file my_file_1.pdb (PDB, C-alpha atoms)
MODEL        1
ATOM      1  CA  MET A  27      66.854 215.355 158.986
ATOM      2  CA  ALA A  28      67.879 218.239 156.694
ATOM      3  CA  TRP A  29      65.280 220.048 154.676
ATOM      4  CA  HIS A  30      66.066 221.124 151.104
ATOM      5  CA  GLY A  31      64.349 224.258 149.864
ATOM      6  CA  ALA A  32      61.709 226.196 151.727
ATOM      7  CA  ARG A  33      60.215 224.585 154.805
ATOM      8  CA  PRO A  34      56.636 223.347 154.046
ATOM      9  CA  SER A  35      53.943 225.482 155.482
ATOM     10  CA  ALA A  36      52.111 224.242 158.560
ATOM     11  CA  ALA A  37      48.905 223.917 156.563
ATOM     12  CA  LEU A  38      50.565 221.674 154.003
ATOM     13  CA  VAL A  39      52.076 219.415 156.669
ATOM     14  CA  ALA A  40      48.729 219.080 158.435
ATOM     15  CA  THR A  41      46.981 218.228 155.194
ATOM     16  CA  ALA A  42      49.570 215.559 154.307
ATOM     17  CA  PHE A  43      49.477 213.997 157.752
ATOM     18  CA  GLY A  44      45.704 213.775 157.707
ATOM     19  CA  MET A  45      45.771 212.110 154.314
ATOM     20  CA  LEU A  46      48.321 209.530 155.456
ATOM     21  CA  VAL A  47      46.304 208.652 158.519
ATOM     22  CA  ALA A  48      43.220 208.218 156.379
ATOM     23  CA  LEU A  49      45.099 206.296 153.714
ATOM     24  CA  VAL A  50      46.927 203.519 155.612
ATOM     25  CA  PRO A  51      44.011 201.843 157.424
ATOM     26  CA  SER A  52      41.863 202.009 154.320
ATOM     27  CA  THR A  53      44.253 199.804 152.400
ATOM     28  CA  LEU A  54      42.966 196.835 154.390
ATOM     29  CA  THR A  55      39.741 195.885 152.725
ATOM     30  CA  PRO A  56      37.220 193.741 154.674
ATOM     31  CA  ALA A  57      38.575 190.706 152.846
ATOM     32  CA  HIS A  58      42.089 191.546 154.011
ATOM     33  CA  ALA A  59      40.964 192.045 157.547
ATOM     34  CA  ASP A  60      39.176 188.718 157.632
ATOM     35  CA  ALA A  61      42.166 186.928 156.184
ATOM     36  CA  THR A  62      44.606 188.365 158.687
ATOM     37  CA  HIS A  63      42.523 188.712 161.802
ATOM     38  CA  GLY A  64      44.074 186.774 164.651
ATOM     39  CA  THR A  65      46.547 184.997 162.374
ATOM     40  CA  GLY A  66      49.615 187.138 162.824
ATOM     41  CA  VAL A  67      50.144 187.067 159.020
ATOM     42  CA  ALA A  68      52.528 189.798 157.841
ATOM     43  CA  LEU A  69      51.597 192.207 155.032
ATOM     44  CA  ARG A  70      53.667 193.203 152.021
ATOM     45  CA  SER A  71      53.284 195.548 149.045
ATOM     46  CA  THR A  72      51.915 193.999 145.877
ATOM     47  CA  VAL A  73      51.483 197.198 143.857
ATOM     48  CA  SER A  74      54.333 198.464 141.684
ATOM     49  CA  THR A  75      55.202 202.080 141.033
ATOM     50  CA  ALA A  76      53.791 201.809 137.508
ATOM     51  CA  ASP A  77      50.563 200.334 138.833
ATOM     52  CA  LEU A  78      50.194 203.187 141.238
ATOM     53  CA  ALA A  79      50.958 205.723 138.544
ATOM     54  CA  ALA A  80      48.352 204.177 136.282
ATOM     55  CA  GLY A  81      45.803 203.517 138.946
ATOM     56  CA  SER A  82      46.057 206.595 141.118
ATOM     57  CA  ALA A  83      42.499 207.498 140.352
ATOM     58  CA  SER A  84      41.151 204.182 141.541
ATOM     59  CA  THR A  85      43.301 204.442 144.579
ATOM     60  CA  VAL A  86      41.819 207.801 145.343
ATOM     61  CA  ALA A  87      38.399 206.315 144.880
ATOM     62  CA  GLN A  88      39.166 203.530 147.308
ATOM     63  CA  THR A  89      40.567 205.777 149.974
ATOM     64  CA  GLY A  90      38.081 208.565 149.507
ATOM     65  CA  ALA A  91      40.859 211.137 149.661
ATOM     66  CA  PRO A  92      42.697 212.913 146.819
ATOM     67  CA  ARG A  93      46.353 212.269 146.297
ATOM     68  CA  PRO A  94      48.267 215.124 147.829
ATOM     69  CA  ALA A  95      49.993 217.443 145.395
ATOM     70  CA  GLY A  96      53.664 216.794 145.051
ATOM     71  CA  VAL A  97      53.500 213.216 146.306
ATOM     72  CA  GLU A  98      54.661 210.719 143.707
ATOM     73  CA  PRO A  99      52.747 207.479 143.172
ATOM     74  CA  ALA A 100      55.808 205.476 144.109
ATOM     75  CA  ALA A 101      55.364 206.580 147.683
ATOM     76  CA  TRP A 102      51.939 205.009 147.875
ATOM     77  CA  THR A 103      51.701 201.401 149.088
ATOM     78  CA  VAL A 104      48.871 198.957 149.195
ATOM     79  CA  LEU A 105      49.323 196.136 151.724
ATOM     80  CA  THR A 106      48.199 192.604 151.000
ATOM     81  CA  PRO A 107      48.438 189.541 153.282
ATOM     82  CA  ILE A 108      51.252 187.027 152.996
ATOM     83  CA  THR A 109      49.878 183.516 152.929
ATOM     84  CA  ALA A 110      51.935 181.101 154.998
ATOM     85  CA  PRO A 111      53.005 178.067 152.988
ATOM     86  CA  GLU A 112      51.307 174.825 153.938
ATOM     87  CA  LEU A 113      53.664 172.438 155.683
ATOM     88  CA  GLU A 114      53.766 168.879 154.523
ATOM     89  CA  PRO A 115      53.046 166.426 157.357
ATOM     90  CA  THR A 116      56.152 164.921 158.835
ATOM     91  CA  ALA A 117      56.201 161.163 158.627
ATOM     92  CA  GLU A 118      56.355 159.370 161.970
ATOM     93  CA  PRO A 119      59.670 157.559 162.443
ATOM     94  CA  ALA A 120      59.413 153.798 162.248
ATOM     95  CA  PRO A 121      59.481 152.181 165.714
ATOM     96  CA  GLU A 122      62.719 150.562 166.748
ATOM     97  CA  PRO A 123      62.481 146.779 166.487
ATOM     98  CA  ALA A 124      62.404 145.017 169.840
ATOM     99  CA  PRO A 125      65.732 143.401 170.707
ATOM    100  CA  ALA A 126      65.842 139.661 170.338
ATOM    101  CA  PRO A 127      65.676 137.865 173.709
ATOM    102  CA  ALA A 128      68.958 136.556 175.014
ATOM    103  CA  PRO A 129      69.274 132.807 174.585
ATOM    104  CA  GLU A 130      68.717 130.717 177.680
ATOM    105  CA  PRO A 131      71.988 129.449 179.120
ATOM    106  CA  GLU A 132      72.399 125.743 178.731
ATOM    107  CA  PRO A 133      72.363 123.911 182.064
ATOM    108  CA  THR A 134      75.707 122.716 183.291
ATOM    109  CA  PRO A 135      75.726 118.929 183.167
ATOM    110  CA  ALA A 136      76.104 117.274 186.546
ATOM    111  CA  ALA A 137      79.462 115.756 187.249
ATOM    112  CA  PRO A 138      79.386 111.967 186.970
ATOM    113  CA  ALA A 139      79.198 110.098 190.272
ATOM    114  CA  PRO A 140      82.509 108.664 191.421
ATOM    115  CA  ASP A 141      82.959 105.003 190.582
ATOM    116  CA  CYS A 142      83.891 103.536 193.941
ATOM    117  CA  ALA A 143      84.464 100.150 192.314
ATOM    118  CA  VAL A 144      87.561 101.732 190.787
ATOM    119  CA  LEU A 145      88.437 104.631 193.086
ATOM    120  CA  ALA A 146      89.648 104.449 196.692
ATOM    121  CA  CYS A 147      86.484 105.976 198.178
ATOM    122  CA  VAL A 148      85.955 106.972 201.802
ATOM    123  CA  ALA A 149      82.795 108.392 203.389
ATOM    124  CA  LEU A 150      82.879 111.021 206.136
ATOM    125  CA  THR A 151      79.800 110.697 208.367
ATOM    126  CA  PHE A 152      78.566 112.963 211.167
ATOM    127  CA  ASP A 153      76.054 112.028 213.885
ATOM    128  CA  ASP A 154      73.768 113.805 216.387
ATOM    129  CA  GLY A 155      73.214 117.097 214.545
ATOM    130  CA  PRO A 156      72.286 119.538 213.361
ATOM    131  CA  GLY A 157      73.814 121.737 216.024
ATOM    132  CA  PRO A 158      75.630 125.016 216.697
ATOM    133  CA  TYR A 159      78.722 123.994 214.692
ATOM    134  CA  THR A 160      76.982 122.421 211.706
ATOM    135  CA  GLY A 161      76.942 125.663 209.731
ATOM    136  CA  THR A 162      80.710 126.053 210.123
ATOM    137  CA  LEU A 163      81.205 122.454 209.020
ATOM    138  CA  LEU A 164      79.060 123.050 205.935
ATOM    139  CA  ASN A 165      81.177 126.087 205.085
ATOM    140  CA  THR A 166      84.340 123.973 205.329
ATOM    141  CA  LEU A 167      82.932 121.196 203.164
ATOM    142  CA  ALA A 168      81.793 123.720 200.552
ATOM    143  CA  ALA A 169      85.213 125.367 200.482
ATOM    144  CA  LYS A 170      86.874 121.971 200.045
ATOM    145  CA  GLY A 171      84.363 120.749 197.472
ATOM    146  CA  VAL A 172      83.590 117.645 199.563
ATOM    147  CA  LYS A 173      80.239 115.961 200.201
ATOM    148  CA  ALA A 174      79.498 114.057 203.407
ATOM    149  CA  THR A 175      76.651 112.165 205.111
ATOM    150  CA  PHE A 176      74.763 113.423 208.175
ATOM    151  CA  PHE A 177      72.797 111.098 210.470
ATOM    152  CA  VAL A 178      70.463 113.557 212.153
ATOM    153  CA  LEU A 179      68.231 113.358 215.218
ATOM    154  CA  GLY A 180      64.560 114.082 214.537
ATOM    155  CA  SER A 181      64.375 116.336 217.604
ATOM    156  CA  ARG A 182      67.279 118.441 216.335
ATOM    157  CA  VAL A 183      65.813 118.720 212.850
ATOM    158  CA  ALA A 184      62.700 120.155 214.542
ATOM    159  CA  GLN A 185      64.965 122.591 216.399
ATOM    160  CA  PHE A 186      67.176 123.566 213.425
ATOM    161  CA  PRO A 187      65.084 122.994 210.281
ATOM    162  CA  ASP A 188      66.992 125.578 208.256
ATOM    163  CA  LEU A 189      70.297 123.833 208.877
ATOM    164  CA  ALA A 190      68.813 120.500 207.869
ATOM    165  CA  ALA A 191      67.394 122.034 204.696
ATOM    166  CA  ARG A 192      70.713 123.721 203.904
ATOM    167  CA  THR A 193      72.579 120.433 204.383
ATOM    168  CA  ALA A 194      70.392 118.727 201.803
ATOM    169  CA  ALA A 195      70.404 121.727 199.442
ATOM    170  CA  GLU A 196      74.209 121.702 199.332
ATOM    171  CA  GLY A 197      74.303 118.134 198.097
ATOM    172  CA  HIS A 198      75.030 116.187 201.269
ATOM    173  CA  ALA A 199      73.237 112.971 202.159
ATOM    174  CA  LEU A 200      70.959 112.809 205.199
ATOM    175  CA  GLY A 201      70.128 109.706 207.205
ATOM    176  CA  SER A 202      68.141 109.032 210.368
ATOM    177  CA  HIS A 203      69.664 108.662 213.837
ATOM    178  CA  ALA A 204      66.233 108.191 215.499
ATOM    179  CA  TRP A 205      64.341 110.928 217.305
ATOM    180  CA  SER A 206      65.809 111.241 220.802
ATOM    181  CA  HIS A 207      69.123 109.305 220.763
ATOM    182  CA  GLN A 208      67.844 106.691 223.174
ATOM    183  CA  SER A 209      68.941 103.102 222.714
ATOM    184  CA  LEU A 210      66.291 101.320 220.655
ATOM    185  CA  THR A 211      67.114  97.962 222.243
ATOM    186  CA  SER A 212      66.065  99.201 225.689
ATOM    187  CA  MET A 213      62.502 100.196 224.780
ATOM    188  CA  PRO A 214      59.333  98.426 223.602
ATOM    189  CA  VAL A 215      59.063  97.619 219.906
ATOM    190  CA  GLU A 216      56.253 100.141 219.426
ATOM    191  CA  GLN A 217      58.316 102.943 220.941
ATOM    192  CA  ALA A 218      61.351 102.022 218.835
ATOM    193  CA  ALA A 219      59.148 102.066 215.737
ATOM    194  CA  ASP A 220      57.884 105.529 216.683
ATOM    195  CA  GLU A 221      61.476 106.793 217.093
ATOM    196  CA  ILE A 222      62.238 105.563 213.584
ATOM    197  CA  ASP A 223      59.028 106.732 211.921
ATOM    198  CA  SER A 224      58.866 110.191 213.513
ATOM    199  CA  THR A 225      62.333 111.013 212.227
ATOM    200  CA  THR A 226      61.515 109.777 208.744
ATOM    201  CA  VAL A 227      58.390 111.963 208.666
ATOM    202  CA  ILE A 228      60.178 115.144 209.712
ATOM    203  CA  LEU A 229      62.933 114.523 207.174
ATOM    204  CA  ILE A 230      60.339 114.220 204.437
ATOM    205  CA  GLN A 231      58.563 117.365 205.638
ATOM    206  CA  THR A 232      61.706 119.448 206.113
ATOM    207  CA  VAL A 233      64.019 118.478 203.284
ATOM    208  CA  GLY A 234      61.827 116.403 200.986
ATOM    209  CA  ILE A 235      63.995 113.336 201.327
ATOM    210  CA  GLY A 236      62.643 110.450 199.279
ATOM    211  CA  GLY A 237      63.181 106.719 199.114
ATOM    212  CA  PRO A 238      64.310 104.479 201.955
ATOM    213  CA  VAL A 239      66.115 106.542 204.589
ATOM    214  CA  LEU A 240      69.529 105.308 205.685
ATOM    215  CA  PHE A 241      69.409 104.522 209.396
ATOM    216  CA  ARG A 242      72.147 104.510 212.032
ATOM    217  CA  PRO A 243      70.925 103.344 215.457
ATOM    218  CA  PRO A 244      71.987 105.442 218.457
ATOM    219  CA  TYR A 245      75.231 104.068 219.946
ATOM    220  CA  GLY A 246      75.251 101.587 217.072
ATOM    221  CA  ALA A 247      72.982  99.401 219.229
ATOM    222  CA  PHE A 248      70.426  97.197 217.491
ATOM    223  CA  ASP A 249      69.013  93.722 217.846
ATOM    224  CA  GLU A 250      67.066  91.436 215.591
ATOM    225  CA  GLN A 251      63.769  93.113 216.406
ATOM    226  CA  VAL A 252      65.157  96.556 215.510
ATOM    227  CA  ARG A 253      66.625  95.158 212.311
ATOM    228  CA  LEU A 254      63.318  93.583 211.309
ATOM    229  CA  THR A 255      61.463  96.820 212.107
ATOM    230  CA  LEU A 256      63.788  98.651 209.765
ATOM    231  CA  ALA A 257      63.524  95.963 207.109
ATOM    232  CA  GLU A 258      59.727  96.369 207.114
ATOM    233  CA  ARG A 259      60.265 100.044 206.243
ATOM    234  CA  GLY A 260      62.863  99.363 203.540
ATOM    235  CA  GLN A 261      65.673 100.888 205.603
ATOM    236  CA  PRO A 262      69.212  99.510 205.952
ATOM    237  CA  VAL A 263      71.365  99.640 209.101
ATOM    238  CA  VAL A 264      74.519 101.701 208.470
ATOM    239  CA  LEU A 265      77.371 101.527 211.004
ATOM    240  CA  TRP A 266      81.121 102.358 210.548
ATOM    241  CA  ASP A 267      84.548 100.776 210.476
ATOM    242  CA  VAL A 268      86.596 103.812 211.611
ATOM    243  CA  ASP A 269      85.687 105.356 214.982
ATOM    244  CA  THR A 270      87.511 108.591 215.709
ATOM    245  CA  GLU A 271      86.179 108.612 219.287
ATOM    246  CA  ASP A 272      85.910 112.382 218.894
ATOM    247  CA  TRP A 273      83.119 112.422 221.477
ATOM    248  CA  LYS A 274      85.645 111.170 224.019
ATOM    249  CA  ASN A 275      88.990 112.741 223.119
ATOM    250  CA  ARG A 276      87.690 116.202 222.039
ATOM    251  CA  ASP A 277      91.127 116.834 220.540
ATOM    252  CA  VAL A 278      91.818 118.022 216.973
ATOM    253  CA  GLY A 279      95.099 116.121 216.678
ATOM    254  CA  VAL A 280      93.782 112.843 218.060
ATOM    255  CA  THR A 281      90.607 112.967 215.986
ATOM    256  CA  THR A 282      92.620 113.701 212.840
ATOM    257  CA  HIS A 283      95.073 110.892 213.490
ATOM    258  CA  ARG A 284      92.392 108.298 214.162
ATOM    259  CA  ALA A 285      90.441 109.247 211.023
ATOM    260  CA  VAL A 286      93.449 109.169 208.683
ATOM    261  CA  ALA A 287      95.262 106.180 210.194
ATOM    262  CA  GLY A 288      92.147 104.018 210.273
ATOM    263  CA  ALA A 289      90.976 104.737 206.702
ATOM    264  CA  SER A 290      91.120 102.203 203.888
ATOM    265  CA  PRO A 291      89.301 101.992 200.550
ATOM    266  CA  GLY A 292      85.559 101.712 201.240
ATOM    267  CA  SER A 293      85.806 102.995 204.835
ATOM    268  CA  ILE A 294      82.986 104.715 206.717
ATOM    269  CA  ILE A 295      84.431 107.220 209.218
ATOM    270  CA  LEU A 296      82.344 108.108 212.299
ATOM    271  CA  MET A 297      82.398 111.665 213.731
ATOM    272  CA  HIS A 298      79.977 114.046 215.482
ATOM    273  CA  ASP A 299      79.314 117.598 214.256
ATOM    274  CA  ILE A 300      78.041 118.682 217.698
ATOM    275  CA  HIS A 301      81.657 118.977 218.923
ATOM    276  CA  GLU A 302      83.668 122.083 218.063
ATOM    277  CA  SER A 303      86.955 120.148 218.110
ATOM    278  CA  THR A 304      85.641 117.739 215.491
ATOM    279  CA  VAL A 305      84.591 120.553 213.154
ATOM    280  CA  ALA A 306      88.026 122.124 213.620
ATOM    281  CA  ALA A 307      89.698 118.810 212.699
ATOM    282  CA  VAL A 308      87.803 118.319 209.424
ATOM    283  CA  PRO A 309      89.974 120.533 207.148
ATOM    284  CA  GLY A 310      93.102 118.593 208.098
ATOM    285  CA  ILE A 311      91.344 115.231 207.799
ATOM    286  CA  ILE A 312      90.234 116.093 204.269
ATOM    287  CA  ASP A 313      93.679 117.302 203.249
ATOM    288  CA  HIS A 314      95.454 114.186 204.586
ATOM    289  CA  LEU A 315      92.965 111.733 203.068
ATOM    290  CA  GLN A 316      93.070 113.403 199.657
ATOM    291  CA  ALA A 317      96.871 113.534 199.774
ATOM    292  CA  ALA A 318      96.828 109.771 200.417
ATOM    293  CA  GLY A 319      94.770 109.271 197.233
ATOM    294  CA  TYR A 320      91.305 108.881 198.706
ATOM    295  CA  THR A 321      88.123 110.177 197.041
ATOM    296  CA  LEU A 322      85.620 111.527 199.590
ATOM    297  CA  VAL A 323      82.015 110.588 198.828
ATOM    298  CA  THR A 324      78.553 110.288 200.367
ATOM    299  CA  LEU A 325      77.213 106.969 201.613
ATOM    300  CA  PRO A 326      74.808 106.542 198.677
ATOM    301  CA  GLU A 327      77.805 106.967 196.367
ATOM    302  CA  LEU A 328      79.929 104.566 198.416
ATOM    303  CA  LEU A 329      77.328 101.843 198.933
ATOM    304  CA  GLY A 330      75.113 102.185 195.883
ATOM    305  CA  PRO A 331      71.674 100.545 196.168
ATOM    306  CA  THR A 332      71.061  99.119 199.632
ATOM    307  CA  GLU A 333      68.938  96.207 200.889
ATOM    308  CA  PRO A 334      66.229  96.610 203.573
ATOM    309  CA  GLY A 335      67.438  95.508 207.002
ATOM    310  CA  GLN A 336      70.955  94.816 205.678
ATOM    311  CA  VAL A 337      73.832  95.919 207.959
ATOM    312  CA  TYR A 338      76.660  97.959 206.352
ATOM    313  CA  ARG A 339      79.946  98.740 208.098
ATOM    314  CA  SER A 340      81.950  99.618 204.987
ATOM    315  CA  ARG A 341      81.743  99.058 201.255
TER     316      ARG A 341
ENDMDL
END

call {"tool": "encode", "arguments": {"input": "my_file_1.pdb", "output": "structure tokens"}}
result
Amino acid sequence: MAWHGARPSAALVATAFGMLVALVPSTLTPAHADATHGTGVALRSTVSTADLAAGSASTVAQTGAPRPAGVEPAAWTVLTPITAPELEPTAEPAPEPAPAPAPEPEPTPAAPAPDCAVLACVALTFDDGPGPYTGTLLNTLAAKGVKATFFVLGSRVAQFPDLAARTAAEGHALGSHAWSHQSLTSMPVEQAADEIDSTTVILIQTVGIGGPVLFRPPYGAFDEQVRLTLAERGQPVVLWDVDTEDWKNRDVGVTTHRAVAGASPGSIILMHDIHESTVAAVPGIIDHLQAAGYTLVTLPELLGPTEPGQVYRSR
């Protein structure tokens, strides 16, 4: 910084410096200090040059030190606190309204049952299961959109309860084929009754079947005593009019031919889902029967309400 004129003497500089040191802190009165202590509030000058010129004496009185000679009043400053403006409270935003719940989908109405008094209906029936190939058969029927009827053994339902439950859950009809596949005509009446009743109980427990259970005697063998025993329980005797003899031929082609060639409106076709060849023949049997104009249904759809002890071989 360049100096103009003679350099100030050392005594003058020392005097001025001492006055400045004494002056600046004294401008904060106790009130100022209290107002700014710990608040971080900035200070600004509130005294004009004219005020200082007019009030230099009072300033000197406040500071306790005389104004140095040659220092103009404009160079003097008195610091006062800046008061921070009060902030208006910010209003809380209104909560977003909860989205309206999606409407419940309307249930799909069940397809009307086929009218077998008008249509050429045929029922596919399978005995002796459930077994190792029943799951594959259920897959085929589901893929084809066809429902069938299964006459199950009580002992096999106990062995494969999940398959029995799946069969019912997928819309197929279940009937009883007795417990052990022994001929009911070759045993005492009480034992035959137990074969019938034990299977009915496990069907109720496993799949919740209700109402009179359709019954197909093992080997199709029954006598008057067996028929009366069933009649007492409200159960009909359901046989067949088309025998594929799949248990004997174990051949896809032969089984298919016998099923298709023997069918007529109202037919009940006998097969066994415990044979792999039979399960393999089912897709072709379905295709040929449908191509010939047949509607494939369950036995309850084919027969409608049944009579206790009545024997049914077809519609």

call {"tool": "atom_distance", "arguments": {"input": "my_file_1.pdb", "atom1": "atom CA of A:Ser224", "atom2": "atom CA of A:Arg259"}}
result
12.6 Å

call {"tool": "residues_around", "arguments": {"input": "my_file_1.pdb", "residues": "A:Pro262", "least_positions_apart": "5", "cutoff": "6 Å", "atoms": "all atoms listed in the file", "output": "number ranges by chain"}}
result
A: 240, 334-336

call {"tool": "resolve_selection", "arguments": {"input": "my_file_1.pdb", "expression": "the PyMOL selection byres ((chain A and resi 135-152) around 10)", "output": "ChimeraX atom specification"}}
result
/A:132-134,153-156,160,172-178,199-201,265-266,268,285,289-300,304-305,308,311-312,315-316,318-330,340-341

call {"tool": "closest_residue", "arguments": {"input": "my_file_1.pdb", "among": "A:Pro123, A:Pro243, A:Pro309, A:Gly279", "to": "A:Ser202", "atoms": "all atoms listed in the file"}}
result
A:Pro243

call {"tool": "atom_distance", "arguments": {"input": "my_file_1.pdb", "atom1": "atom CA of A:Asp269", "atom2": "atom CA of A:Thr281"}}
result
9.1 Å

call {"tool": "atom_distance", "arguments": {"input": "my_file_1.pdb", "atom1": "atom CA of A:Val215", "atom2": "atom CA of A:Pro238"}}
result
19.9 Å

call {"tool": "resolve_selection", "arguments": {"input": "my_file_1.pdb", "expression": "the PyMOL selection byres ((chain A and resi 188) around 12)", "output": "number ranges by chain"}}
result
A: 156-157, 160-161, 182-187, 189-195, 229, 232-233

call {"tool": "residues_around", "arguments": {"input": "my_file_1.pdb", "residues": "A:Thr225", "least_positions_apart": "5", "cutoff": "6 Å", "atoms": "only C-alpha atoms", "output": "ChimeraX atom specification"}}
result
/A:180,204-205

call {"tool": "closest_residue", "arguments": {"input": "my_file_1.pdb", "among": "A:Val280, A:Val263, A:Leu163, A:Pro331", "to": "A:His198", "atoms": "only C-alpha atoms"}}
result
A:Leu163

call {"tool": "residues_around", "arguments": {"input": "my_file_1.pdb", "residues": "A:Val264", "least_positions_apart": "3", "cutoff": "8 Å", "atoms": "all atoms listed in the file", "output": "count of residues only"}}
result
6
